[in-house]
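Below is one structure, written out as structure tokens; the observations come after it.
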Amino acid sequence: MSLFDIIGPVMIGPSSSHTAGAAKIGFLAQSVLGKPFKKVHITLFNSFAETGLGHGTDKAIIGGILGFRMDDERIPRSFELAREQGIQIEFSCEKDSKKHPNEVCIEFYSEAEALLLTISGQSIGGGAAKIVEINGTPVWFGGMHDILIIQYKDVPGMVGFFGEVLGDHHINIAYLDISRDAVTEKALAVLKLDQYCPENVTDIIRKNIHILDVISIRRLSDQYSNT
Amino acid sequence: MTNIPIPNRIRIQNLHDVRMQMKKFDIQDLAEFFLLYESKNQEIEPAVLLSKMDYHLQVMQESIIKGLQKPNVTSSGLINGGADHMKQLLQHNQSLVGPLFSKVIMNTLAVSELNACMGRIVASPTAGSAGVLPGALLTITQHKQIPREKVVRSLFVAGGMGEMISLNASLSGASHGCQAENGSASAITAAALLYCMDQDFDCIESGSAFALKNLLGLVCDPVAGLVEVPCVKRNVIASVNAIACAEMALSGIRTVIPFDEVVKAMDLIGKDMPSSLRETSLGGLAVCPAAKMVSNQKRS
Ligand code: SF4
């Protein structure tokens, strides 16, 4: 642990798990989406559902979704600010003993009410958070690494393909998680990288006809740094 | 003494290790040691770390100012302008002990209430106990006119002591009760205060151990699950306790139980604590009739 986890983080109160971690989930979620949206439906689970509203968890998640960091003083006014941007917000609460005590599921919708992304995150204490599910596929990342998410048609050779493109650009893969959906025949790879994957490289990956989507996310320590 | 090169990583398990390593590498200053520890282990230059900590100190200062700007009232109404009341008391010269004591209480309340009202604070070690370090350390060091650089360095002492607690027990109320939050906050604040008063390792260890000992067993029982009652006033007991314990250590009183053993005791007490008293709001103050009324209102 860093000493700045003890004298820190700088955050909006009142609770590291219920506001700081919640804001971080929202932030990660919007960086995974990476495009405009018109509506969000947010489901709070368990402890988040019980005490979440009183702790400002709702405001923190919305703040994060608007791209605010966990120390952004606009978080308490996030509902208002979302409304000004024409974003519709829905909340529901659920109990599910199979889920983490502080879990949230966020659904993003387009103007035409089409579901763009379903993403779940957990606030795991001390302001840390993890994204645990994207469109029903289990994943596990928390902003410690630069991330590359690649969705592709499940045909042979795809991992070799994007592995090589990254290698050609001297981008090292620290971890690689792959899952696939037998019904849709789509696969999702979540790569934790040692350095950020820039746009010119994602463009090369995107050119492959079997690639459906590529999202590159910068590690949070860069965006979240307080200095 | 021969100069032993400092390795690329510094591994320590507890305060005893810190003492041994400081001897080994001939480091006299506890802040210097923890700065080096952080610098080596995170691979970041000390100067960068110092400026980052300076920023955290600045946020702490701002949180006192903001917490005193207007009466802090939470949406639940459980927190209703406590710091502002203290301000009035001070302005009317009605302090029981003296203005400095009242100021410590006022500033601690200011930050803790600001936290409850979704203001910007430095969790130290947690958001629920965020008032302690600024309330005690900043108020006293300002009064004593301690240079800012020294206060920044003392935050590395505080962070290091917190790390020792986190490695051997916990800093989370949900895991070990409020002793782990406000107890730890008090212990790390006492250490920082004594560092600012130029005290040696033994003195810092004793003051910090006193502070943690005094709050052992403190349960976590927030009313309606909100970080408001009893949290905000517990910040005050933790900051006042930090100052009292630093004062005792300053007088030369030394702890019988070493810091590491106090931390171990805190760990065992935390593990014996029923879950009803660990942030679940199923015991303690949270189930008093008056508390239940608040919880019911919140639901309806
Ligand atoms: S009572 Fe619990 S929630 Fe409140 S400050 Fe203490 S540990 Fe934190």
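Labeling convention for the structure tokens: chains A, B, ... as they appear, residues from 1 per chain, ligands from 1 in order of appearance.
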So which residues are near ligand 1, meaning at most 9 Å away with only C-alpha atoms and all ligand atoms counted, given back as number ranges by chain?
-> A: 15; B: 126-130, 171-174, 176-183, 218-223, 225-235, 277-281
Using only C-alpha atoms, what does the table of chain B residues within 6 Å of chain A look like, with each row giving the shortest atom pair and its distance in Å to one decimal, sorted by chain and ascending number, as a Markdown table?
| residue | atom | partner | partner_atom | distance |
| --- | --- | --- | --- | --- |
| B:Lys52 | CA | A:Thr227 | CA | 5.9 |
| B:Asn115 | CA | A:Gly13 | CA | 4.4 |
| B:Ala116 | CA | A:Pro14 | CA | 4.8 |
| B:Met118 | CA | A:Gly13 | CA | 4.4 |
| B:Gly119 | CA | A:Ile12 | CA | 5.3 |
| B:Arg120 | CA | A:Ile12 | CA | 4.4 |
| B:Ile121 | CA | A:Met11 | CA | 5.6 |
| B:Val122 | CA | A:Val10 | CA | 4.4 |
| B:Ala123 | CA | A:Gly8 | CA | 4.8 |
| B:Ser124 | CA | A:Ile7 | CA | 4.7 |
| B:Pro125 | CA | A:Ile6 | CA | 4.7 |
| B:Ala127 | CA | A:Ser15 | CA | 5.3 |
| B:Gly159 | CA | A:Leu3 | CA | 5.1 |
| B:Gly225 | CA | A:Thr51 | CA | 5.8 |
I need the chosen residues saved as a short mmCIF file (atom, residue, chain, number, x, y, z; two decimals), in the first residue's frame, with C-alpha atoms.
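What follows is the written file result26.cif:
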data_model
loop_
_atom_site.label_atom_id
_atom_site.label_comp_id
_atom_site.auth_asym_id
_atom_site.auth_seq_id
_atom_site.Cartn_x
_atom_site.Cartn_y
_atom_site.Cartn_z
CA LYS B 52 2.11 15.66 -3.37
CA ASN B 115 -17.18 15.25 5.13
CA ALA B 116 -20.72 14.36 6.21
CA MET B 118 -20.20 15.76 0.85
CA GLY B 119 -17.38 18.25 1.01
CA ARG B 120 -13.82 17.66 -0.15
CA ILE B 121 -11.55 16.12 2.47
CA VAL B 122 -8.42 14.02 2.84
CA ALA B 123 -9.31 10.56 4.14
CA SER B 124 -6.75 10.09 6.91
CA PRO B 125 -6.85 7.24 7.34
CA ALA B 127 -13.25 9.62 5.47
CA GLY B 159 1.20 7.78 7.03
CA GLY B 225 -25.82 3.79 8.45
#
Please provide the set of residues having any atom within 10 Å of range 196-205 of chain A, restricted to only C-alpha atoms, with same-chain residues fewer than 4 positions apart removed, written as a ChimeraX atom specification.
-> /A:145-148,150,161-166,168-172,192,209-219
Pick out the closest residue to Ser295 in chain B from this set: B:Ser208, B:Ala158, B:Ala224, B:Ser251. Count only C-alpha atoms.
->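 Answer, going by the shortest atom-to-atom distance: B:Ala224.
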Skipping near chain neighbours, those fewer than 4 positions away, what residues fall within 8 Å of range 106-112 of chain A using only C-alpha atoms, listed as a ChimeraX atom specification?
-> /A:29,36-43,116-120
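Once range 71-86 of chain B and its same-chain neighbours fewer than 3 positions away are set aside, Leu89, Met106, Leu109, Ala110 and Cys117 of chain B remain within 6 Å of it when counting only C-alpha atoms.
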